[in-house]
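**Q** Pasting a structure here, questions to come.
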Amino acid sequence: MKQVPQYALCRDVARHVGEIVAQMRAHGRGLAAFLAESLPSVGGQIVFPPRYLAEAYAHVRAAGGVCIADEVQVGFGRLGAHFWGFETQGVVPDIVVLGKPIGNGFPLGAVVTTRAIADAFARGMEFFSTFGGNPVACAVGLAVLDVLADERLQERALRVGRHFLAGLRALEERHPLVGDVRGSGLFLGVELVRDRESREPAAEEASYVVNRLRERGILTGTDGPHENVLKIRPPLIVSERDADLFVSTLDDILGEDPVR
Ligand SMILES: Cc1ncc(COP(=O)(O)O)c(C=O)c1O
């Protein structure tokens, strides 16, 4: 029987959030916040099962905690179907943290929150940031939003991402080393395993593959606790041709029987 992919095991994790919250309360501890990437990237390009965040948020809020969504990697249209990752889970966070793509290379980050939480920062110890509100950075952020809209980059991520995913899924059929292909838009992951039943992570093979890709002119990396997931998060301007080049090059490299 084909084992459930690693990421699907997250289904149980929302229940664990509830258990951890209950344990904290039993020990008389309060809960400040729950912070999660809307789709964990460094964790291995994981797509949460439907309603995972909705259930986790419900546990946290019931205990008085606020829910924080990290959209640094997945926000700004990369997912194609949605502009924000949390939308894929049908939740509205209390705080959203933004970075990287917000400035398209320019150093910029932002925190978006409710009026009530923002006001709370003005009541306690002074909160400030030396470079906060920098007008140049703000102009860059606004320009990035304009380019995203004018060049319809979210739509492009959806279209090219679907094509890319289909190409990668075809590799899964041909190469046993590919244990799972997942993602949304231009947020894609290829999990390499030594055995599809045991799902033993193929970390050394993944390292071989990314180095061979580099030698062939394609830069990518690995993520996940075992560094066995190829992370594919290209600029939103990539084309179907670029995706095809990646897929055919990866096909060649997987055919080299990556060494352990
Ligand atoms: C998911 C995620 N959140 C937060 C950060 C931190 O962002 P910054 O380096 O802008 O503080 C990173 C940086 O790699 C990230 O990948």
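Chain labels follow the order of the structure tokens: the first chain is A, the next B, and so on; residue numbering restarts at 1 in every chain, and ligands are counted from 1 in their shown order.
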Quick one: residues within 12 Å of A:Arg115, only C-alpha atoms, excluding same-chain residues fewer than 6 positions away - as a PyMOL selection string?
**A** chain A and resi 94-95+121-122
**Q** For stretch 145-159 of chain A, list every protein, DNA or RNA residue within 9 Å, evaluated using only C-alpha atoms, and leave out those in the same chain fewer than 2 positions away; present the list as a list in words.
**A**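 The contact residues come out as Phe76, Gly77, Arg78, Leu79, Gly80, Ala81, His82, Phe83, Ile102, Val140, Gly141, Leu142, Ala143, Gly161, Arg162, His163, Phe164, Ser184, Gly185, Leu186, Phe187, Leu236, Ile237, Val238, Ser239 and Glu240 of chain A.
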**Q** Give as a PDB file with N, CA, C and O atoms, in the first residue's frame the residues surrounding ligand 1 up to a distance of 9 Å, considering only C-alpha atoms and all ligand atoms.
**A**
ATOM      1  N   ALA A  36       2.596  30.671  12.454  1.00  0.00           N
ATOM      2  CA  ALA A  36       2.859  29.632  11.444  1.00  0.00           C
ATOM      3  C   ALA A  36       2.928  30.254  10.064  1.00  0.00           C
ATOM      4  O   ALA A  36       2.183  31.188   9.753  1.00  0.00           O
ATOM      5  N   GLU A  37       3.833  29.728   9.249  1.00  0.00           N
ATOM      6  CA  GLU A  37       3.778  30.072   7.826  1.00  0.00           C
ATOM      7  C   GLU A  37       2.489  29.462   7.278  1.00  0.00           C
ATOM      8  O   GLU A  37       2.121  28.339   7.652  1.00  0.00           O
ATOM      9  N   LEU A  39       1.885  28.249   4.401  1.00  0.00           N
ATOM     10  CA  LEU A  39       2.331  26.963   3.829  1.00  0.00           C
ATOM     11  C   LEU A  39       3.808  26.895   4.217  1.00  0.00           C
ATOM     12  O   LEU A  39       4.601  27.739   3.766  1.00  0.00           O
ATOM     13  N   PRO A  40       4.186  25.965   5.076  1.00  0.00           N
ATOM     14  CA  PRO A  40       5.582  25.941   5.539  1.00  0.00           C
ATOM     15  C   PRO A  40       6.561  25.701   4.382  1.00  0.00           C
ATOM     16  O   PRO A  40       6.445  24.719   3.654  1.00  0.00           O
ATOM     17  N   SER A  41       7.502  26.630   4.245  1.00  0.00           N
ATOM     18  CA  SER A  41       8.450  26.534   3.135  1.00  0.00           C
ATOM     19  C   SER A  41       9.716  25.815   3.570  1.00  0.00           C
ATOM     20  O   SER A  41      10.039  24.739   3.065  1.00  0.00           O
ATOM     21  N   VAL A  42      10.393  26.406   4.565  1.00  0.00           N
ATOM     22  CA  VAL A  42      11.635  25.792   5.032  1.00  0.00           C
ATOM     23  C   VAL A  42      11.345  24.398   5.615  1.00  0.00           C
ATOM     24  O   VAL A  42      12.180  23.499   5.575  1.00  0.00           O
ATOM     25  N   ASP A  70       2.784  33.973   8.874  1.00  0.00           N
ATOM     26  CA  ASP A  70       4.021  34.396   8.216  1.00  0.00           C
ATOM     27  C   ASP A  70       3.827  34.176   6.718  1.00  0.00           C
ATOM     28  O   ASP A  70       3.694  33.042   6.253  1.00  0.00           O
ATOM     29  N   GLU A  71       3.800  35.288   5.988  1.00  0.00           N
ATOM     30  CA  GLU A  71       3.571  35.219   4.534  1.00  0.00           C
ATOM     31  C   GLU A  71       4.833  35.627   3.771  1.00  0.00           C
ATOM     32  O   GLU A  71       4.762  35.972   2.589  1.00  0.00           O
ATOM     33  N   VAL A  72       5.980  35.588   4.467  1.00  0.00           N
ATOM     34  CA  VAL A  72       7.225  36.054   3.860  1.00  0.00           C
ATOM     35  C   VAL A  72       7.540  35.292   2.567  1.00  0.00           C
ATOM     36  O   VAL A  72       7.933  35.880   1.565  1.00  0.00           O
ATOM     37  N   GLN A  73       7.351  33.988   2.590  1.00  0.00           N
ATOM     38  CA  GLN A  73       7.705  33.197   1.396  1.00  0.00           C
ATOM     39  C   GLN A  73       6.518  33.024   0.452  1.00  0.00           C
ATOM     40  O   GLN A  73       6.702  32.942  -0.754  1.00  0.00           O
ATOM     41  N   VAL A  74       5.323  32.935   0.999  1.00  0.00           N
ATOM     42  CA  VAL A  74       4.201  32.494   0.149  1.00  0.00           C
ATOM     43  C   VAL A  74       3.260  33.615  -0.270  1.00  0.00           C
ATOM     44  O   VAL A  74       2.411  33.401  -1.143  1.00  0.00           O
ATOM     45  N   VAL A  97       2.767  38.824   8.948  1.00  0.00           N
ATOM     46  CA  VAL A  97       4.110  39.384   8.763  1.00  0.00           C
ATOM     47  C   VAL A  97       4.572  39.148   7.334  1.00  0.00           C
ATOM     48  O   VAL A  97       4.364  38.084   6.756  1.00  0.00           O
ATOM     49  N   LEU A  98       5.177  40.201   6.772  1.00  0.00           N
ATOM     50  CA  LEU A  98       5.540  40.206   5.352  1.00  0.00           C
ATOM     51  C   LEU A  98       7.002  40.571   5.171  1.00  0.00           C
ATOM     52  O   LEU A  98       7.540  41.365   5.943  1.00  0.00           O
ATOM     53  N   GLY A  99       7.639  40.010   4.168  1.00  0.00           N
ATOM     54  CA  GLY A  99       9.046  40.336   3.905  1.00  0.00           C
ATOM     55  C   GLY A  99       9.385  40.040   2.462  1.00  0.00           C
ATOM     56  O   GLY A  99       8.504  40.046   1.600  1.00  0.00           O
ATOM     57  N   LYS A 100      10.643  39.754   2.239  1.00  0.00           N
ATOM     58  CA  LYS A 100      11.221  39.439   0.905  1.00  0.00           C
ATOM     59  C   LYS A 100      10.485  40.017  -0.313  1.00  0.00           C
ATOM     60  O   LYS A 100      10.879  41.051  -0.816  1.00  0.00           O
ATOM     61  N   PRO A 107      15.449  45.981   0.897  1.00  0.00           N
ATOM     62  CA  PRO A 107      15.167  45.556   2.277  1.00  0.00           C
ATOM     63  C   PRO A 107      13.906  46.221   2.828  1.00  0.00           C
ATOM     64  O   PRO A 107      13.885  47.415   3.085  1.00  0.00           O
ATOM     65  N   LEU A 108      12.877  45.445   2.981  1.00  0.00           N
ATOM     66  CA  LEU A 108      11.582  45.957   3.433  1.00  0.00           C
ATOM     67  C   LEU A 108      10.809  44.822   4.091  1.00  0.00           C
ATOM     68  O   LEU A 108      10.841  43.688   3.631  1.00  0.00           O
ATOM     69  N   GLY A 109      10.139  45.129   5.167  1.00  0.00           N
ATOM     70  CA  GLY A 109       9.254  44.174   5.817  1.00  0.00           C
ATOM     71  C   GLY A 109       8.051  44.928   6.348  1.00  0.00           C
ATOM     72  O   GLY A 109       8.083  46.166   6.445  1.00  0.00           O
TER      73      GLY A 109
END
**Q** Using only C-alpha atoms, can you tell me which of A:Asn211, A:Gly43, A:Ala33, A:Tyr52 comes closest to A:Asp12?
**A**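 Comparing A:Asn211, A:Gly43, A:Ala33, A:Tyr52 against A:Asp12, the winner is A:Tyr52.
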**Q** Based on the backbone DSSP call, show me all residues of stretch 19-239 of chain A assigned alpha helix (DSSP H), as a ChimeraX atom specification.
**A** /A:19-26,52-62,115-121,135-150,153-174,203-215
